[in-house]
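K.L.:
Structure below; questions to follow.
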Amino acid sequence: MMNNETLFRLLFAISATFMFAIRIYYQSRIKSTHPGTQERGSRLHLIPGAIAALVTIVFGFEYIFVPGTFGFAYLIEYPTWLRWVGALMLAIGISLLWSAHHSLGMSFHSLVIQKKDQELVQTGPYKWICHPIYTAYFLNYIGGGLLASNWVLTFIPTLSFGLMVYLRLGEEEAAMIELFGDKYRQYMNRTGRFLPKIG
């Protein structure tokens, strides 16, 4: 019979596979030379996000294949129930990540850009949340760390990714307001940034 630790490791590996598959698939659909595309914002703001991804890959690989190699990352032992909460957060986060990408379709881009004939997507999770992909990543980073009972995976990627979001958010929203004007302002008033508005 599979013990809890083996099950947690398996769930972590499956979750990581789904996350990478979703991102790689939709990233591959981006057209690098789309006519009428203008880049907004600084690519330097992506650096904290890259650090978050790198830490997750390195420490995630260690947890799946050579657990215990980075012993310092496991000094805080999370209770089993909290690790199951992490698994639930991952399930919600991955579902949200796919749904947000699927709703965006060809409007998705990893950079802050404006496209000719760009549409304001208000379907799927975008009906309630302005930035559901960011929400999904926060759920996935925290959930993965809890599931692995690894304080490095719980906090370092989350904080680093949070810094990236802080740096990019104003640029993204300014680009959308420039493109859609009051239509986007009304959309922002109607929805929550990362969570649905209550009431």
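Chain lettering (A, B, ...) mirrors the order of the structure tokens, residue numbering begins at 1 for each chain separately, and ligand numbering begins at 1 in order of display.
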Using DSSP on the backbone coordinates, identify the residues of stretch 77-118 of chain A assigned to alpha helix (DSSP H); present them as a count of residues only.
P.N.:
25
K.L.:
Sort by chain and increasing residue number a table of all residues of stretch 153-175 of chain A within 9 Å of stretch 94-114 of chain A, each with its closest pair of atoms and their distance in Å to one decimal, counting only C-alpha atoms, and write it as JSON lines.
P.N.:
{"residue": "A:Arg168", "atom": "CA", "partner": "A:Val112", "partner_atom": "CA", "distance": 8.0}
{"residue": "A:Glu171", "atom": "CA", "partner": "A:Val112", "partner_atom": "CA", "distance": 7.2}
{"residue": "A:Glu172", "atom": "CA", "partner": "A:Val112", "partner_atom": "CA", "distance": 5.8}
{"residue": "A:Ala175", "atom": "CA", "partner": "A:Gln114", "partner_atom": "CA", "distance": 6.9}
K.L.:
Just C-alpha atoms for this one: save the residues we selected as a PDB file, in the first residue's frame.
P.N.:
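Final output, selection-v7.pdb:
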ATOM      1  CA  ARG A 168       3.899  44.368 -13.832  1.00  0.00           C
ATOM      2  CA  GLU A 171       1.898  48.322 -16.670  1.00  0.00           C
ATOM      3  CA  GLU A 172      -0.692  45.744 -17.690  1.00  0.00           C
ATOM      4  CA  ALA A 175      -1.903  49.205 -21.385  1.00  0.00           C
TER       5      ALA A 175
END
K.L.:
Under the rule that only C-alpha atoms are counted, which of A:Tyr26, A:Phe12, A:Phe65, A:Phe72 is the nearest residue to A:Val152?
P.N.:
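Checking each candidate against A:Val152, we get A:Phe72 as the closest.
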K.L.:
Nearest residue to A:Leu11 out of A:Arg23, A:Arg43, A:Arg29, A:Arg83, using only C-alpha atoms?
P.N.:
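Ranked by minimum distance to A:Leu11, first place goes to A:Arg83.
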K.L.:
A:Leu7, A:Met164, A:Ile177, A:Ala148: which is nearest A:Pro79, counting only C-alpha atoms?
P.N.:
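Closest candidate: A:Ala148.
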K.L.:
Got a sec: who's within 10 Å of A:Ala13, counting only C-alpha atoms, leaving out chain neighbours fewer than 5 positions off, as a PDB file with N, CA, C and O atoms, in the first residue's frame?
P.N.:
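Listed below is the output, out.pdb:
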ATOM      1  N   LEU A   7       2.572   9.140  -1.939  1.00  0.00           N
ATOM      2  CA  LEU A   7       1.380   9.707  -2.584  1.00  0.00           C
ATOM      3  C   LEU A   7       1.549  11.212  -2.796  1.00  0.00           C
ATOM      4  O   LEU A   7       1.242  11.723  -3.880  1.00  0.00           O
ATOM      5  N   PHE A   8       2.055  11.904  -1.788  1.00  0.00           N
ATOM      6  CA  PHE A   8       2.277  13.341  -1.924  1.00  0.00           C
ATOM      7  C   PHE A   8       3.277  13.636  -3.045  1.00  0.00           C
ATOM      8  O   PHE A   8       3.107  14.572  -3.825  1.00  0.00           O
ATOM      9  N   PHE A  18       1.192  18.850 -15.287  1.00  0.00           N
ATOM     10  CA  PHE A  18       0.045  19.574 -15.835  1.00  0.00           C
ATOM     11  C   PHE A  18       0.345  21.063 -15.970  1.00  0.00           C
ATOM     12  O   PHE A  18       0.000  21.688 -16.986  1.00  0.00           O
ATOM     13  N   MET A  19       0.982  21.648 -14.947  1.00  0.00           N
ATOM     14  CA  MET A  19       1.306  23.078 -15.001  1.00  0.00           C
ATOM     15  C   MET A  19       2.194  23.409 -16.189  1.00  0.00           C
ATOM     16  O   MET A  19       1.927  24.336 -16.952  1.00  0.00           O
ATOM     17  N   GLY A  60      11.654  21.427  -6.684  1.00  0.00           N
ATOM     18  CA  GLY A  60      10.637  20.437  -7.051  1.00  0.00           C
ATOM     19  C   GLY A  60      11.271  19.156  -7.569  1.00  0.00           C
ATOM     20  O   GLY A  60      10.855  18.052  -7.205  1.00  0.00           O
ATOM     21  N   PHE A  61      12.304  19.296  -8.409  1.00  0.00           N
ATOM     22  CA  PHE A  61      13.042  18.135  -8.908  1.00  0.00           C
ATOM     23  C   PHE A  61      13.647  17.359  -7.745  1.00  0.00           C
ATOM     24  O   PHE A  61      13.572  16.120  -7.701  1.00  0.00           O
ATOM     25  N   TYR A  63      12.596  17.279  -4.628  1.00  0.00           N
ATOM     26  CA  TYR A  63      11.555  16.615  -3.848  1.00  0.00           C
ATOM     27  C   TYR A  63      11.053  15.350  -4.535  1.00  0.00           C
ATOM     28  O   TYR A  63      10.815  14.330  -3.880  1.00  0.00           O
ATOM     29  N   ILE A  64      10.918  15.398  -5.846  1.00  0.00           N
ATOM     30  CA  ILE A  64      10.388  14.240  -6.573  1.00  0.00           C
ATOM     31  C   ILE A  64      11.419  13.114  -6.680  1.00  0.00           C
ATOM     32  O   ILE A  64      11.112  11.955  -6.434  1.00  0.00           O
ATOM     33  N   PHE A  65      12.653  13.459  -7.042  1.00  0.00           N
ATOM     34  CA  PHE A  65      13.628  12.431  -7.421  1.00  0.00           C
ATOM     35  C   PHE A  65      14.698  12.129  -6.363  1.00  0.00           C
ATOM     36  O   PHE A  65      15.142  10.985  -6.259  1.00  0.00           O
ATOM     37  N   GLY A 144       1.942  23.867  -3.844  1.00  0.00           N
ATOM     38  CA  GLY A 144       3.057  22.945  -4.059  1.00  0.00           C
ATOM     39  C   GLY A 144       3.992  22.893  -2.866  1.00  0.00           C
ATOM     40  O   GLY A 144       4.457  21.817  -2.474  1.00  0.00           O
TER      41      GLY A 144
END
K.L.:
Quick one: everything within 12 Å of A:Tyr184, counting only C-alpha atoms, minus sequence neighbours fewer than 2 positions away in the same chain. Send it as a short mmCIF file (atom, residue, chain, number, x, y, z; two decimals) with all heavy atoms, in the first residue's frame.
P.N.:
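Below is the file around_11.cif, written as the result:
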data_model
loop_
_atom_site.label_atom_id
_atom_site.label_comp_id
_atom_site.auth_asym_id
_atom_site.auth_seq_id
_atom_site.Cartn_x
_atom_site.Cartn_y
_atom_site.Cartn_z
N GLU A 119 -9.21 41.86 -28.38
CA GLU A 119 -10.51 41.83 -27.73
C GLU A 119 -10.35 41.85 -26.22
O GLU A 119 -9.36 41.33 -25.70
CB GLU A 119 -11.30 40.58 -28.14
CG GLU A 119 -11.67 40.52 -29.61
CD GLU A 119 -12.46 39.27 -29.94
OE1 GLU A 119 -12.89 38.56 -29.01
OE2 GLU A 119 -12.66 39.00 -31.13
N LEU A 120 -11.32 42.44 -25.53
CA LEU A 120 -11.34 42.40 -24.07
C LEU A 120 -12.08 41.14 -23.65
O LEU A 120 -13.30 41.05 -23.78
CB LEU A 120 -12.02 43.65 -23.51
CG LEU A 120 -12.17 43.70 -21.98
CD1 LEU A 120 -10.81 43.57 -21.29
CD2 LEU A 120 -12.87 44.99 -21.56
N VAL A 121 -11.34 40.16 -23.17
CA VAL A 121 -11.92 38.87 -22.79
C VAL A 121 -12.65 39.02 -21.46
O VAL A 121 -12.06 39.47 -20.47
CB VAL A 121 -10.83 37.78 -22.70
CG1 VAL A 121 -11.43 36.47 -22.21
CG2 VAL A 121 -10.16 37.60 -24.06
N GLN A 122 -13.93 38.62 -21.45
CA GLN A 122 -14.74 38.70 -20.22
C GLN A 122 -15.51 37.41 -19.99
O GLN A 122 -16.57 37.41 -19.37
CB GLN A 122 -15.70 39.90 -20.30
CG GLN A 122 -15.01 41.23 -20.49
CD GLN A 122 -15.99 42.39 -20.50
OE1 GLN A 122 -16.70 42.66 -19.54
NE2 GLN A 122 -16.06 43.08 -21.64
N CYS A 130 -9.95 39.91 -12.80
CA CYS A 130 -9.14 40.58 -13.82
C CYS A 130 -7.89 39.79 -14.19
O CYS A 130 -7.49 39.78 -15.35
CB CYS A 130 -8.70 41.96 -13.32
SG CYS A 130 -9.94 43.25 -13.43
N GLU A 172 0.36 46.49 -16.99
CA GLU A 172 -0.69 45.74 -17.69
C GLU A 172 -1.99 46.54 -17.73
O GLU A 172 -2.63 46.66 -18.77
CB GLU A 172 -0.92 44.39 -17.01
CG GLU A 172 0.17 43.40 -17.24
CD GLU A 172 -0.21 42.02 -16.74
OE1 GLU A 172 -1.42 41.77 -16.51
OE2 GLU A 172 0.69 41.19 -16.56
N GLU A 173 -2.37 47.05 -16.57
CA GLU A 173 -3.65 47.75 -16.49
C GLU A 173 -3.61 49.07 -17.26
O GLU A 173 -4.59 49.45 -17.91
CB GLU A 173 -4.04 47.97 -15.02
CG GLU A 173 -4.36 46.63 -14.34
CD GLU A 173 -4.65 46.76 -12.86
OE1 GLU A 173 -4.40 47.85 -12.29
OE2 GLU A 173 -5.12 45.77 -12.27
N ALA A 174 -2.46 49.75 -17.24
CA ALA A 174 -2.33 50.98 -18.03
C ALA A 174 -2.44 50.69 -19.52
O ALA A 174 -3.07 51.46 -20.28
CB ALA A 174 -0.98 51.65 -17.72
N ALA A 175 -1.83 49.58 -19.97
CA ALA A 175 -1.90 49.20 -21.38
C ALA A 175 -3.33 48.89 -21.79
O ALA A 175 -3.78 49.26 -22.90
CB ALA A 175 -1.00 48.00 -21.65
N MET A 176 -4.06 48.22 -20.91
CA MET A 176 -5.45 47.87 -21.22
C MET A 176 -6.35 49.11 -21.22
O MET A 176 -7.25 49.23 -22.06
CB MET A 176 -5.96 46.84 -20.20
CG MET A 176 -5.24 45.50 -20.26
SD MET A 176 -5.48 44.66 -21.84
CE MET A 176 -7.08 43.92 -21.57
N ILE A 177 -6.11 50.03 -20.29
CA ILE A 177 -6.90 51.26 -20.26
C ILE A 177 -6.62 52.09 -21.51
O ILE A 177 -7.52 52.67 -22.11
CB ILE A 177 -6.60 52.07 -18.98
CG1 ILE A 177 -7.21 51.35 -17.76
CG2 ILE A 177 -7.15 53.49 -19.08
CD1 ILE A 177 -6.77 51.92 -16.42
N GLU A 178 -5.36 52.13 -21.92
CA GLU A 178 -4.99 52.86 -23.14
C GLU A 178 -5.70 52.26 -24.36
O GLU A 178 -6.12 52.98 -25.27
CB GLU A 178 -3.48 52.81 -23.34
CG GLU A 178 -2.98 53.62 -24.52
CD GLU A 178 -1.47 53.51 -24.69
OE1 GLU A 178 -0.77 53.24 -23.70
OE2 GLU A 178 -1.00 53.69 -25.83
N LEU A 179 -5.86 50.94 -24.35
CA LEU A 179 -6.45 50.25 -25.49
C LEU A 179 -7.98 50.30 -25.48
O LEU A 179 -8.61 50.53 -26.51
CB LEU A 179 -5.98 48.79 -25.48
CG LEU A 179 -6.11 47.97 -26.77
CD1 LEU A 179 -5.33 48.62 -27.91
CD2 LEU A 179 -5.61 46.55 -26.53
N PHE A 180 -8.57 50.10 -24.29
CA PHE A 180 -10.03 49.95 -24.21
C PHE A 180 -10.73 51.11 -23.50
O PHE A 180 -11.96 51.18 -23.51
CB PHE A 180 -10.39 48.64 -23.51
CG PHE A 180 -9.94 47.41 -24.24
CD1 PHE A 180 -8.89 46.64 -23.76
CD2 PHE A 180 -10.55 47.03 -25.42
CE1 PHE A 180 -8.46 45.51 -24.43
CE2 PHE A 180 -10.14 45.89 -26.11
CZ PHE A 180 -9.08 45.14 -25.61
N GLY A 181 -9.98 51.98 -22.84
CA GLY A 181 -10.56 53.15 -22.19
C GLY A 181 -11.56 52.81 -21.10
O GLY A 181 -11.33 51.94 -20.25
N ASP A 182 -12.73 53.48 -21.14
CA ASP A 182 -13.73 53.32 -20.09
C ASP A 182 -14.28 51.90 -20.01
O ASP A 182 -14.72 51.46 -18.95
CB ASP A 182 -14.90 54.29 -20.31
CG ASP A 182 -14.51 55.73 -19.96
OD1 ASP A 182 -13.53 55.89 -19.20
OD2 ASP A 182 -15.18 56.66 -20.45
N GLN A 186 -14.61 50.15 -16.45
CA GLN A 186 -15.87 49.56 -15.96
C GLN A 186 -15.68 48.09 -15.62
O GLN A 186 -16.22 47.59 -14.63
CB GLN A 186 -16.96 49.74 -17.01
CG GLN A 186 -17.40 51.19 -17.20
CD GLN A 186 -18.22 51.39 -18.45
OE1 GLN A 186 -18.58 50.43 -19.15
NE2 GLN A 186 -18.52 52.65 -18.77
N TYR A 187 -14.90 47.40 -16.45
CA TYR A 187 -14.60 45.98 -16.20
C TYR A 187 -13.85 45.82 -14.87
O TYR A 187 -14.16 44.94 -14.07
CB TYR A 187 -13.78 45.43 -17.36
CG TYR A 187 -13.22 44.05 -17.12
CD1 TYR A 187 -14.06 42.93 -17.12
CD2 TYR A 187 -11.86 43.85 -16.89
CE1 TYR A 187 -13.56 41.66 -16.90
CE2 TYR A 187 -11.34 42.58 -16.66
CZ TYR A 187 -12.20 41.50 -16.67
OH TYR A 187 -11.70 40.23 -16.44
N MET A 188 -12.87 46.71 -14.61
CA MET A 188 -12.12 46.65 -13.36
C MET A 188 -13.02 46.92 -12.15
O MET A 188 -12.86 46.31 -11.10
CB MET A 188 -10.97 47.67 -13.38
CG MET A 188 -9.85 47.32 -14.34
SD MET A 188 -8.58 48.63 -14.42
CE MET A 188 -7.85 48.51 -12.79
N ASN A 189 -13.95 47.83 -12.31
CA ASN A 189 -14.88 48.13 -11.21
C ASN A 189 -15.82 46.98 -10.91
O ASN A 189 -16.26 46.80 -9.77
CB ASN A 189 -15.70 49.39 -11.53
CG ASN A 189 -14.86 50.66 -11.49
OD1 ASN A 189 -13.87 50.73 -10.76
ND2 ASN A 189 -15.25 51.67 -12.26
N ARG A 190 -16.10 46.20 -11.94
CA ARG A 190 -17.07 45.11 -11.80
C ARG A 190 -16.43 43.82 -11.26
O ARG A 190 -17.11 42.98 -10.67
CB ARG A 190 -17.70 44.84 -13.18
CG ARG A 190 -18.90 43.91 -13.13
CD ARG A 190 -19.59 43.81 -14.46
NE ARG A 190 -18.78 43.18 -15.49
CZ ARG A 190 -18.21 43.81 -16.50
NH1 ARG A 190 -18.36 45.13 -16.64
NH2 ARG A 190 -17.49 43.18 -17.40
N THR A 191 -15.12 43.65 -11.49
CA THR A 191 -14.44 42.42 -11.11
C THR A 191 -13.40 42.67 -10.03
O THR A 191 -13.03 43.81 -9.75
CB THR A 191 -13.73 41.80 -12.33
OG1 THR A 191 -12.81 42.77 -12.86
CG2 THR A 191 -14.71 41.42 -13.42
#
K.L.:
Please identify the strand (DSSP E or B) residues within stretch 20-199 of chain A (assignment by DSSP from backbone atoms) and present them as an mmCIF file with N, CA, C and O atoms, in the first residue's frame.
P.N.:
data_model
loop_
_atom_site.group_PDB
_atom_site.id
_atom_site.type_symbol
_atom_site.label_atom_id
_atom_site.label_comp_id
_atom_site.auth_asym_id
_atom_site.auth_seq_id
_atom_site.Cartn_x
_atom_site.Cartn_y
_atom_site.Cartn_z
ATOM 1 N N GLN A 38 2.408 45.807 -30.214
ATOM 2 C CA GLN A 38 3.311 46.755 -29.579
ATOM 3 C C GLN A 38 3.576 46.306 -28.145
ATOM 4 O O GLN A 38 2.638 46.035 -27.393
ATOM 5 N N GLU A 39 4.842 46.239 -27.782
ATOM 6 C CA GLU A 39 5.202 45.814 -26.425
ATOM 7 C C GLU A 39 5.148 47.001 -25.483
ATOM 8 O O GLU A 39 5.577 48.096 -25.806
ATOM 9 N N ILE A 113 1.639 43.492 -23.770
ATOM 10 C CA ILE A 113 1.562 43.943 -25.164
ATOM 11 C C ILE A 113 0.184 44.496 -25.488
ATOM 12 O O ILE A 113 -0.783 44.299 -24.753
ATOM 13 N N GLN A 114 0.122 45.202 -26.597
ATOM 14 C CA GLN A 114 -1.142 45.619 -27.201
ATOM 15 C C GLN A 114 -1.164 45.071 -28.616
ATOM 16 O O GLN A 114 -0.178 45.205 -29.345
ATOM 17 N N ILE A 129 -12.752 37.779 -12.385
ATOM 18 C CA ILE A 129 -11.407 38.155 -11.931
ATOM 19 C C ILE A 129 -10.630 38.799 -13.078
ATOM 20 O O ILE A 129 -10.603 38.261 -14.190
ATOM 21 N N GLY A 192 -12.907 41.606 -9.419
ATOM 22 C CA GLY A 192 -11.813 41.718 -8.465
ATOM 23 C C GLY A 192 -10.475 41.490 -9.182
ATOM 24 O O GLY A 192 -10.445 40.878 -10.239
#
K.L.:
Which of these, A:Phe161, A:Ala73, A:Pro67, A:Tyr78, has the shortest distance to A:Leu146 once you count only C-alpha atoms?
P.N.:
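Looking at the shortest contact to A:Leu146, the residue is A:Tyr78.
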K.L.:
Between A:Val85, A:Ala50, A:Leu159, A:Leu169, which residue has the minimum interatomic distance to A:Tyr141, considering only C-alpha atoms?
P.N.:
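Checking each of A:Val85, A:Ala50, A:Leu159, A:Leu169 against A:Tyr141, counting only C-alpha atoms, the winner is A:Leu159.
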K.L.:
Between atom CA of A:Val55 and atom CA of A:Tyr74, what is the distance in Å, rounded to a tenth?
P.N.:
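For atom CA of A:Val55 relative to atom CA of A:Tyr74, the distance reads 14.8 Å.
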K.L.:
For A:Thr80, please output as a compact mmCIF listing (two decimals) with N, CA, C and O atoms, in the first residue's frame all residues within 9 Å (counting only C-alpha atoms; exclusion window: fewer than 4 positions along the same chain).
P.N.:
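out.txt was written with the following content:
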# COMPACT_ATOMS: atom_id res chain seq x y z
N ASN A 4 1.76 7.86 2.69
CA ASN A 4 1.40 9.26 2.41
C ASN A 4 2.49 10.00 1.65
O ASN A 4 2.20 10.76 0.72
N TRP A 84 -2.65 18.16 2.61
CA TRP A 84 -3.83 17.89 1.78
C TRP A 84 -4.48 19.20 1.32
O TRP A 84 -5.03 19.27 0.21
N VAL A 85 -4.43 20.23 2.16
CA VAL A 85 -4.90 21.55 1.73
C VAL A 85 -4.07 22.02 0.53
O VAL A 85 -4.60 22.57 -0.43
N LEU A 147 2.21 20.95 -0.07
CA LEU A 147 2.16 19.53 -0.39
C LEU A 147 3.51 18.86 -0.14
O LEU A 147 3.58 17.74 0.39
N SER A 149 5.75 19.88 1.94
CA SER A 149 6.22 20.19 3.29
C SER A 149 7.63 20.79 3.23
O SER A 149 8.54 20.40 3.94
K.L.:
Between atom CA of A:Phe155 and atom CA of A:Ser42, measure the distance and give it in Å to one decimal.
P.N.:
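Separation between atom CA of A:Phe155 and atom CA of A:Ser42: 25.0 Å.
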K.L.:
Mind giving me the straight-line distance from atom CA of A:Lys127 to atom CA of A:Pro196 in Å, one decimal?
P.N.:
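If I compute the distance from atom CA of A:Lys127 to atom CA of A:Pro196, I get 8.9 Å.
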